[in-house]
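Everything below belongs to coords20.txt, which stores compact mmCIF, C-alpha atoms and all ligand atoms.
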```txt
# COMPACT_ATOMS: atom_id res chain seq x y z
CA MET A 9 -146.09 -41.93 -130.42
CA GLY A 10 -143.45 -39.57 -129.02
CA VAL A 11 -141.90 -39.32 -125.57
CA PRO A 12 -144.49 -39.03 -122.77
CA TRP A 13 -143.62 -35.46 -121.74
CA ARG A 14 -144.32 -33.86 -125.12
CA ASP A 15 -147.76 -32.70 -126.27
CA PHE A 16 -149.40 -33.36 -129.66
CA SER A 17 -147.35 -30.61 -131.32
CA GLY A 18 -144.09 -32.10 -129.98
CA ARG A 19 -143.52 -29.30 -127.44
CA LEU A 20 -142.45 -30.01 -123.87
CA SER A 21 -145.55 -30.08 -121.65
CA PRO A 22 -144.80 -29.23 -117.99
CA LEU A 23 -148.13 -30.87 -117.00
CA LYS A 24 -147.24 -34.14 -118.74
CA LEU A 25 -143.71 -34.10 -117.36
CA ALA A 26 -144.91 -33.47 -113.77
CA VAL A 27 -147.54 -36.23 -113.98
CA PHE A 28 -145.08 -38.64 -115.63
CA VAL A 29 -142.60 -38.19 -112.76
CA ALA A 30 -145.33 -38.34 -110.07
CA LEU A 31 -146.69 -41.65 -111.39
CA PHE A 32 -143.46 -43.42 -110.40
CA GLY A 33 -143.66 -42.02 -106.84
CA PRO A 34 -145.79 -44.64 -105.05
CA ALA A 35 -143.89 -47.57 -106.62
CA LEU A 36 -140.46 -46.10 -105.78
CA TRP A 37 -141.60 -45.21 -102.26
CA THR A 38 -142.90 -48.77 -101.69
CA LEU A 39 -139.65 -50.23 -103.07
CA MET A 40 -137.59 -48.01 -100.79
CA ALA A 41 -139.74 -48.80 -97.74
CA PHE A 42 -139.37 -52.51 -98.56
CA GLN A 43 -135.58 -52.26 -98.85
CA LEU A 44 -135.30 -50.30 -95.60
CA GLY A 45 -137.51 -52.75 -93.70
CA TRP A 46 -140.25 -50.18 -93.06
CA LEU A 47 -143.08 -52.44 -94.20
CA GLY A 48 -143.29 -54.50 -91.00
CA PRO A 49 -143.04 -58.24 -90.44
CA ARG A 50 -145.25 -59.13 -93.45
CA ALA A 51 -143.43 -56.82 -95.83
CA PHE A 52 -144.45 -58.63 -99.00
CA ASN A 53 -148.11 -58.61 -98.06
CA GLU A 54 -147.87 -54.92 -97.16
CA ALA A 55 -146.30 -54.19 -100.57
CA ILE A 56 -149.15 -56.11 -102.30
CA HIS A 57 -151.64 -53.94 -100.40
CA ARG A 58 -149.89 -50.65 -101.15
CA ILE A 59 -149.53 -51.34 -104.87
CA GLY A 60 -153.14 -52.63 -105.01
CA LEU A 61 -154.31 -49.39 -103.44
CA TRP A 62 -152.42 -47.31 -105.99
CA THR A 63 -153.79 -49.45 -108.83
CA ILE A 64 -157.36 -48.55 -107.90
CA ARG A 65 -156.41 -44.92 -107.20
CA PHE A 66 -154.80 -44.45 -110.62
CA LEU A 67 -157.75 -46.19 -112.25
CA PHE A 68 -160.10 -43.74 -110.58
CA ILE A 69 -157.90 -40.75 -111.41
CA ALA A 70 -157.96 -41.83 -115.09
CA LEU A 71 -161.77 -42.00 -114.93
CA ALA A 72 -161.96 -38.61 -113.18
CA ILE A 73 -160.14 -36.80 -115.98
CA THR A 74 -163.17 -36.50 -118.29
CA PRO A 75 -165.43 -34.95 -115.58
CA LEU A 76 -162.67 -32.73 -114.16
CA ARG A 77 -161.56 -31.32 -117.49
CA GLN A 78 -165.15 -30.31 -118.14
CA ILE A 79 -165.96 -28.97 -114.67
CA LEU A 80 -162.63 -27.11 -114.32
CA GLN A 81 -162.67 -26.05 -118.00
CA TRP A 82 -159.18 -27.45 -118.32
CA PRO A 83 -158.98 -29.23 -121.72
CA ARG A 84 -155.25 -29.96 -121.42
CA LEU A 85 -155.99 -32.44 -118.65
CA LEU A 86 -156.85 -34.86 -121.45
CA LEU A 87 -153.13 -34.96 -122.30
CA VAL A 88 -152.41 -37.11 -119.25
CA ARG A 89 -155.38 -39.53 -119.34
CA ARG A 90 -153.65 -42.22 -121.38
CA MET A 91 -150.51 -42.00 -119.23
CA VAL A 92 -152.48 -42.44 -116.00
CA GLY A 93 -154.55 -45.31 -117.44
CA VAL A 94 -151.49 -47.21 -118.67
CA THR A 95 -149.87 -46.63 -115.26
CA ALA A 96 -152.90 -48.22 -113.56
CA PHE A 97 -152.29 -51.28 -115.75
CA ALA A 98 -148.55 -51.32 -114.88
CA TYR A 99 -149.38 -51.15 -111.15
CA ALA A 100 -151.97 -53.94 -111.57
CA CYS A 101 -149.28 -56.12 -113.22
CA THR A 102 -146.87 -55.33 -110.36
CA HIS A 103 -149.59 -56.18 -107.81
CA LEU A 104 -150.19 -59.53 -109.53
CA THR A 105 -146.44 -60.21 -109.81
CA LEU A 106 -145.93 -59.48 -106.09
CA TYR A 107 -148.78 -61.84 -105.25
CA THR A 108 -147.18 -64.54 -107.43
CA ALA A 109 -143.80 -63.92 -105.76
CA ASP A 110 -145.50 -64.20 -102.34
CA GLN A 111 -146.70 -67.64 -103.45
CA MET A 112 -143.06 -68.56 -104.29
CA PHE A 113 -143.87 -68.43 -108.03
CA ASP A 114 -145.89 -71.64 -107.67
CA LEU A 115 -148.02 -70.93 -110.76
CA ILE A 116 -150.27 -73.97 -110.21
CA LYS A 117 -151.13 -72.67 -106.74
CA VAL A 118 -151.66 -69.13 -108.05
CA ALA A 119 -153.98 -70.43 -110.80
CA SER A 120 -155.98 -72.60 -108.39
CA GLU A 121 -156.30 -69.73 -105.89
CA ILE A 122 -157.57 -67.48 -108.68
CA VAL A 123 -160.18 -70.09 -109.61
CA LEU A 124 -161.19 -70.86 -106.00
CA ARG A 125 -161.23 -67.38 -104.42
CA ILE A 126 -163.86 -65.23 -105.99
CA TYR A 127 -162.13 -61.92 -105.09
CA LEU A 128 -159.02 -63.09 -106.97
CA THR A 129 -161.14 -64.22 -109.96
CA ILE A 130 -162.67 -60.74 -110.04
CA GLY A 131 -159.18 -59.19 -109.75
CA ILE A 132 -157.79 -61.17 -112.68
CA ILE A 133 -160.77 -60.27 -114.89
CA ALA A 134 -160.06 -56.61 -114.08
CA VAL A 135 -156.36 -57.03 -114.97
CA LEU A 136 -157.23 -58.71 -118.29
CA GLY A 137 -159.65 -55.88 -119.04
CA LEU A 138 -156.94 -53.31 -118.30
CA ALA A 139 -154.57 -55.23 -120.59
CA ALA A 140 -157.09 -54.90 -123.44
CA LEU A 141 -157.38 -51.16 -122.79
CA ALA A 142 -153.60 -50.66 -122.57
CA ALA A 143 -153.03 -52.65 -125.80
CA THR A 144 -155.52 -50.45 -127.67
CA SER A 145 -154.33 -47.16 -126.23
CA THR A 146 -151.75 -46.31 -128.89
CA ASP A 147 -152.44 -43.71 -131.62
CA ALA A 148 -152.11 -46.47 -134.25
CA MET A 149 -154.79 -48.59 -132.55
CA ILE A 150 -157.14 -45.62 -132.18
CA LYS A 151 -156.76 -45.01 -135.93
CA ARG A 152 -157.23 -48.68 -136.74
CA LEU A 153 -160.36 -49.11 -134.62
CA GLY A 154 -161.89 -45.74 -135.50
CA ALA A 155 -162.92 -43.22 -132.84
CA ARG A 156 -166.43 -44.65 -132.26
CA ARG A 157 -165.39 -48.28 -131.84
CA TRP A 158 -162.41 -47.23 -129.72
CA GLN A 159 -164.67 -45.19 -127.42
CA ALA A 160 -167.16 -48.06 -127.14
CA LEU A 161 -164.34 -50.48 -126.27
CA HIS A 162 -162.87 -48.14 -123.69
CA ARG A 163 -166.21 -47.97 -121.88
CA ILE A 164 -165.26 -51.34 -120.37
CA GLY A 165 -163.10 -49.15 -118.13
CA TYR A 166 -166.32 -48.45 -116.16
CA VAL A 167 -166.88 -52.19 -115.59
CA ILE A 168 -163.21 -52.73 -114.69
CA ALA A 169 -163.36 -49.97 -112.05
CA GLY A 170 -166.53 -51.57 -110.64
CA LEU A 171 -164.77 -54.95 -110.44
CA ALA A 172 -161.79 -53.29 -108.74
CA VAL A 173 -164.10 -51.86 -106.05
CA VAL A 174 -165.70 -55.28 -105.47
CA HIS A 175 -162.23 -56.92 -105.26
CA TYR A 176 -161.11 -54.26 -102.78
CA TRP A 177 -164.28 -54.57 -100.75
CA MET A 178 -164.19 -58.40 -100.59
CA GLN A 179 -160.58 -58.67 -99.45
CA SER A 180 -161.08 -55.97 -96.80
CA LYS A 181 -163.09 -58.28 -94.53
CA LEU A 182 -163.91 -56.07 -91.48
CA GLU A 183 -162.19 -52.83 -92.43
CA ILE A 184 -164.55 -51.45 -95.07
CA TRP A 185 -164.15 -47.72 -94.40
CA GLU A 186 -161.88 -46.90 -97.37
CA PRO A 187 -163.52 -49.36 -99.81
CA THR A 188 -166.86 -47.70 -98.99
CA ILE A 189 -165.37 -44.28 -99.84
CA MET A 190 -164.07 -45.76 -103.12
CA ALA A 191 -167.54 -47.17 -103.85
CA GLY A 192 -169.00 -43.69 -103.24
CA ILE A 193 -166.46 -42.08 -105.59
CA TYR A 194 -167.29 -44.77 -108.15
CA ALA A 195 -170.99 -43.80 -107.83
CA TRP A 196 -169.98 -40.16 -108.46
CA LEU A 197 -167.84 -41.05 -111.52
CA MET A 198 -170.60 -43.16 -113.09
CA GLY A 199 -173.32 -40.72 -112.01
CA PHE A 200 -171.51 -37.89 -113.78
CA ARG A 201 -171.53 -39.81 -117.05
CA LEU A 202 -175.19 -40.78 -116.74
CA LEU A 203 -176.31 -37.26 -115.86
CA ALA A 204 -174.12 -35.69 -118.57
CA ARG A 205 -175.83 -37.96 -121.07
CA PHE A 206 -179.43 -37.50 -119.93
CA VAL A 207 -179.63 -34.01 -118.42
CA GLY A 208 -176.47 -32.39 -119.76
CA VAL A 209 -176.49 -29.79 -122.53
CA ARG A 210 -174.36 -31.21 -125.37
CA GLY A 211 -172.84 -33.59 -122.82
CA ARG A 212 -171.97 -30.80 -120.36
CA LEU A 213 -173.33 -30.81 -116.84
CA SER A 214 -174.22 -27.56 -115.05
CA LEU A 215 -172.52 -26.85 -111.72
CA ARG A 216 -175.89 -27.21 -109.95
CA TRP A 217 -176.05 -30.76 -111.18
CA VAL A 218 -172.43 -31.35 -110.15
CA ALA A 219 -173.34 -30.19 -106.61
CA GLY A 220 -176.51 -32.32 -106.72
CA LEU A 221 -174.46 -35.30 -107.79
CA ALA A 222 -172.30 -34.91 -104.66
CA VAL A 223 -175.46 -35.27 -102.55
CA ILE A 224 -176.72 -38.25 -104.59
CA ALA A 225 -173.35 -40.08 -104.38
CA ALA A 226 -173.14 -39.41 -100.62
CA ALA A 227 -176.70 -40.69 -100.09
CA LEU A 228 -175.91 -43.85 -102.09
CA THR A 229 -172.77 -44.33 -99.99
CA ALA A 230 -174.72 -43.98 -96.73
CA PHE A 231 -177.49 -46.35 -97.83
CA GLY A 232 -174.97 -48.83 -99.26
CA GLU A 233 -173.04 -48.85 -95.98
CA ALA A 234 -176.25 -49.31 -93.96
CA ALA A 235 -177.36 -52.16 -96.26
CA TYR A 236 -173.96 -53.87 -95.90
CA PHE A 237 -174.03 -53.75 -92.08
CA ARG A 238 -177.63 -54.99 -92.08
CA LEU A 239 -176.88 -57.94 -94.38
CA ALA A 240 -173.47 -58.87 -92.91
CA TYR A 241 -174.07 -58.27 -89.18
CA GLY A 242 -177.79 -57.66 -88.74
CA VAL A 243 -177.16 -54.09 -87.50
CA ASP A 244 -180.18 -51.76 -87.51
CA PRO A 245 -179.74 -49.60 -90.69
CA MET A 246 -181.00 -46.51 -88.81
CA ARG A 247 -178.08 -46.77 -86.39
CA VAL A 248 -175.60 -46.82 -89.29
CA LEU A 249 -177.37 -43.92 -91.03
CA ASP A 250 -177.42 -41.94 -87.76
CA ALA A 251 -173.66 -42.44 -87.40
CA ASN A 252 -173.24 -40.12 -90.41
CA LEU A 253 -174.61 -37.27 -88.32
CA SER A 254 -172.23 -37.65 -85.37
CA LEU A 255 -168.50 -38.16 -84.86
CA ALA A 256 -168.96 -40.97 -82.30
CA THR A 257 -167.60 -43.58 -84.78
CA GLY A 258 -165.28 -41.14 -86.57
CA ILE A 259 -166.10 -39.49 -89.90
CA ARG A 260 -168.20 -41.96 -91.90
CA PRO A 261 -167.56 -42.52 -95.65
CA ALA A 262 -170.71 -40.68 -96.84
CA PRO A 263 -169.71 -37.23 -95.46
CA ILE A 264 -166.27 -37.69 -97.04
CA VAL A 265 -167.84 -38.47 -100.44
CA LEU A 266 -170.11 -35.42 -99.99
CA ALA A 267 -167.15 -33.16 -99.13
CA LEU A 268 -165.14 -34.38 -102.13
CA GLY A 269 -168.09 -33.91 -104.51
CA LEU A 270 -168.86 -30.42 -103.17
CA ALA A 271 -165.16 -29.48 -103.34
CA VAL A 272 -165.16 -30.37 -107.06
CA ALA A 273 -168.33 -28.29 -107.59
CA ALA A 274 -166.77 -25.37 -105.66
CA ALA A 275 -163.56 -25.62 -107.72
CA GLY A 276 -165.73 -25.53 -110.86
CA ALA A 277 -167.53 -22.42 -109.57
CA ILE A 278 -164.22 -20.66 -108.82
CA ARG A 279 -162.93 -21.59 -112.27
CA ALA A 280 -166.09 -20.25 -113.91
CA TRP A 281 -165.73 -16.99 -111.99
CA LEU A 282 -162.00 -16.52 -112.68
CA PRO A 283 -162.23 -15.14 -116.26
CA LEU A 284 -164.67 -12.53 -114.95
CA MET A 285 -162.12 -11.15 -112.50
CA PRO A 286 -160.99 -7.65 -113.48
CA LYS A 287 -157.62 -7.53 -115.16
CA ARG A 288 -154.79 -6.17 -113.01
CA ARG A 289 -154.48 -2.46 -113.52
CA PRO A 290 -151.21 -1.30 -115.06
CA GLY A 291 -148.81 -0.01 -112.47
CA PHE A 292 -149.91 -2.46 -109.77
CA ALA A 293 -147.29 -5.02 -108.70
C1 LIG E 301 -157.16 -54.13 -111.59
C2 LIG E 301 -157.03 -55.16 -110.78
C3 LIG E 301 -156.81 -55.06 -109.29
C4 LIG E 301 -156.97 -54.01 -108.43
C5 LIG E 301 -157.43 -52.59 -108.76
C6 LIG E 301 -156.61 -54.47 -107.12
C7 LIG E 301 -156.66 -53.69 -105.98
C8 LIG E 301 -156.45 -54.17 -104.71
C9 LIG E 301 -156.63 -53.39 -103.51
C10 LIG E 301 -157.08 -51.94 -103.48
C11 LIG E 301 -156.30 -54.16 -102.46
C12 LIG E 301 -156.38 -53.80 -100.99
C13 LIG E 301 -155.28 -52.90 -100.54
C14 LIG E 301 -155.44 -52.56 -99.07
O1 LIG E 301 -156.30 -53.09 -98.39
O2 LIG E 301 -154.68 -51.74 -98.58
C15 LIG E 301 -155.91 -55.47 -102.99
C16 LIG E 301 -155.52 -56.53 -102.21
C17 LIG E 301 -155.12 -57.73 -102.73
N1 LIG E 301 -155.14 -58.12 -104.04
FE1 LIG E 301 -155.70 -56.97 -105.60
N2 LIG E 301 -156.23 -55.79 -107.20
C18 LIG E 301 -156.36 -56.20 -108.50
C19 LIG E 301 -156.06 -57.44 -109.00
C20 LIG E 301 -155.57 -58.49 -108.26
C21 LIG E 301 -155.16 -59.78 -108.78
C22 LIG E 301 -155.23 -60.19 -110.24
C23 LIG E 301 -154.70 -60.51 -107.73
C24 LIG E 301 -154.15 -61.89 -107.70
C25 LIG E 301 -154.47 -62.84 -108.51
C26 LIG E 301 -154.84 -59.71 -106.54
C27 LIG E 301 -154.48 -60.10 -105.27
C28 LIG E 301 -154.64 -59.37 -104.13
C29 LIG E 301 -154.28 -59.85 -102.81
C30 LIG E 301 -153.70 -61.21 -102.46
C31 LIG E 301 -154.59 -58.82 -101.92
C32 LIG E 301 -154.38 -58.82 -100.40
C33 LIG E 301 -155.41 -59.70 -99.73
C34 LIG E 301 -155.13 -59.96 -98.28
O3 LIG E 301 -154.11 -59.56 -97.74
O4 LIG E 301 -155.97 -60.63 -97.67
N3 LIG E 301 -155.36 -58.47 -106.90
N4 LIG E 301 -156.02 -55.42 -104.35
```

Turn the structure described in the file into structure tokens.
Ligand code: HEM
Amino acid sequence: MGVPWRDFSGRLSPLKLAVFVALFGPALWTLMAFQLGWLGPRAFNEAIHRIGLWTIRFLFIALAITPLRQILQWPRLLLVRRMVGVTAFAYACTHLTLYTADQMFDLIKVASEIVLRIYLTIGIIAVLGLAALAATSTDAMIKRLGARRWQALHRIGYVIAGLAVVHYWMQSKLEIWEPTIMAGIYAWLMGFRLLARFVGVRGRLSLRWVAGLAVIAAALTAFGEAAYFRLAYGVDPMRVLDANLSLATGIRPAPIVLALGLAVAAAGAIRAWLPLMPKRRPGFA
């Protein structure tokens, strides 16, 4: 395996280089904010939260590469999938290390907390899963396992992302706005794979289906949110569903999931239309 900013033919890839540099951004920013005392009175806890957030974001970005490269007809996006996935693992390790440091490196306490608190148990299972994926992400391991077995193994990424959402949701207590958006995006990511398999043509999903998936994922988000408020606080589900149609409680997660899904479909439509654009006439600047 060569340096991360070169493509398969060994040439410098501006895309890989840009992504490689960007992946360090959130960690360096958090480190700087920590050093400068910008993270508030519970700086360590704030750093745990920030790195945790970027772990789940990178995990989701890695899972979004397959759908996006197909919808945007951008095959080179695949070049950065491994890099983003391994970065998610590195951030997860940092998140766990910061938690251990916050517990004064008392490993017995850390272990007992992991056993006793279900959201930490779920978190550690996700980290171990990511470790398995990172360890088998090298070219040599892909060759050794064979493409089919490697692909089957790497499907545990879907379970890991699901566990990450549950971990995020459980530790959020009252503030479930962003975890609900993440759950909606997770529904979109998994929905894409299911639809591509069952209604796609040779695994490809038409843009109509991509737009339809945005609506399905948003509906699941709205119903999931309503079910949560019903079960946790006994709130009438109709009130929660109605909140999606007004701005009285701010923008709810479902419209955000819908907007993201439709934006992806629109980007796909623009991309499909681009090659049809007339070539610039000679003489025009
Ligand atoms: C892939 C695995 C993991 C992911 C994706 C992940 C992600 C997250 C996210 C998104 C948050 C919330 C951030 C926020 O609210 O701003 C969080 C919080 C947290 N996570 Fe994780 N995490 C993972 C594994 C772990 C592990 C293994 C531990 C420790 C054993 C852990 C301990 C914590 C703690 C202590 C918090 C803060 C809880 C609080 O302040 O009440 N996480 N994590």

Item checked: Within 9 Å of ligand LIG 301 (chain E) (only C-alpha atoms and all ligand atoms), residues as a VMD selection string -> chain A and resid 53 to 67 96 to 97 99 to 101 103 to 108 110 118 to 119 121 to 122 127 to 138 168 to 169 171 to 173 175 to 181 183 186 to 187

Next item on the list: May I ask for the distance between CA of Met246 in chain A and CA of Ala227 in chain A, given in Å to one decimal place?
Entry: 13.4 Å

Notebook entry, point to check: Looking at A:Ile193, A:Ala41, A:Met112, A:Leu215, which one is nearest to Ala277 in chain A, with distances taken over only C-alpha atoms?
Noted result: A:Leu215

Checklist line | Surrounding residues of Phe68 in chain A excluding itself and chain neighbours under 5 positions, 12 Å, all atoms listed in the file, as a VMD selection string | finding: chain A and resid 61 to 63 73 to 76 89 92 to 93 95 to 96 165 to 170 172 to 173 189 to 198

Next item on the list: Do a neighbour search on Ala271 in chain A at 12 Å with all atoms listed in the file, toss out local chain neighbours closer than 3 positions, and write the hits as a PyMOL selection string.
Entry: chain A and resi 76+79-80+215+218-219+221-223+263-268+274-278

Next item on the list: Please provide the set of residues having any atom within 12 Å of range 147-157 of chain A, restricted to only C-alpha atoms, with same-chain residues fewer than 5 positions apart removed, written as a list in words.
Entry: Met9, Gly10, Phe16, Arg90, Ala140, Leu141, Ala142, His162, Arg163 and Ile164 of chain A

Item checked: From A:Leu253, A:Trp37, A:Ile69, A:Gln81, residue lying nearest Leu282 in chain A [only C-alpha atoms] -> A:Gln81

Next item on the list: Check the smallest atom-to-atom distance from each of A:Leu20, A:Thr102, A:Ala262, A:Leu47 to Ala35 in chain A using all atoms listed in the file, then report the winner.
Entry: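 Closest to Ala35 in chain A, using all atoms listed in the file: A:Thr102.
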
Notebook entry, point to check: What is the distance between CA of Ala70 in chain A and CA of Val11 in chain A, in Å to one decimal?
Noted result: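 Distance reported for this atom pair: 19.3 Å.
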
Item checked: Atom pair CA of Ile126 in chain A / CA of Ala143 in chain A: separation (Å) ->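 Calculated distance between CA of Ile126 in chain A and CA of Ala143 in chain A is 25.8 Å.
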
Next item on the list: Using only C-alpha atoms, find the one residue out of A:Ala98, A:Ala256, A:Leu270, A:Leu203 that sits nearest to Ala139 in chain A.
Entry: A:Ala98

Margin query: Give me, as a PyMOL selection string, all polymer residues having an atom no more than 12 Å from Gly232 in chain A, counting all atoms listed in the file and skipping those fewer than 2 positions away in the same chain.
Written below: chain A and resi 184-185+187-192+195+224-230+234-240+245+248-249+261-262
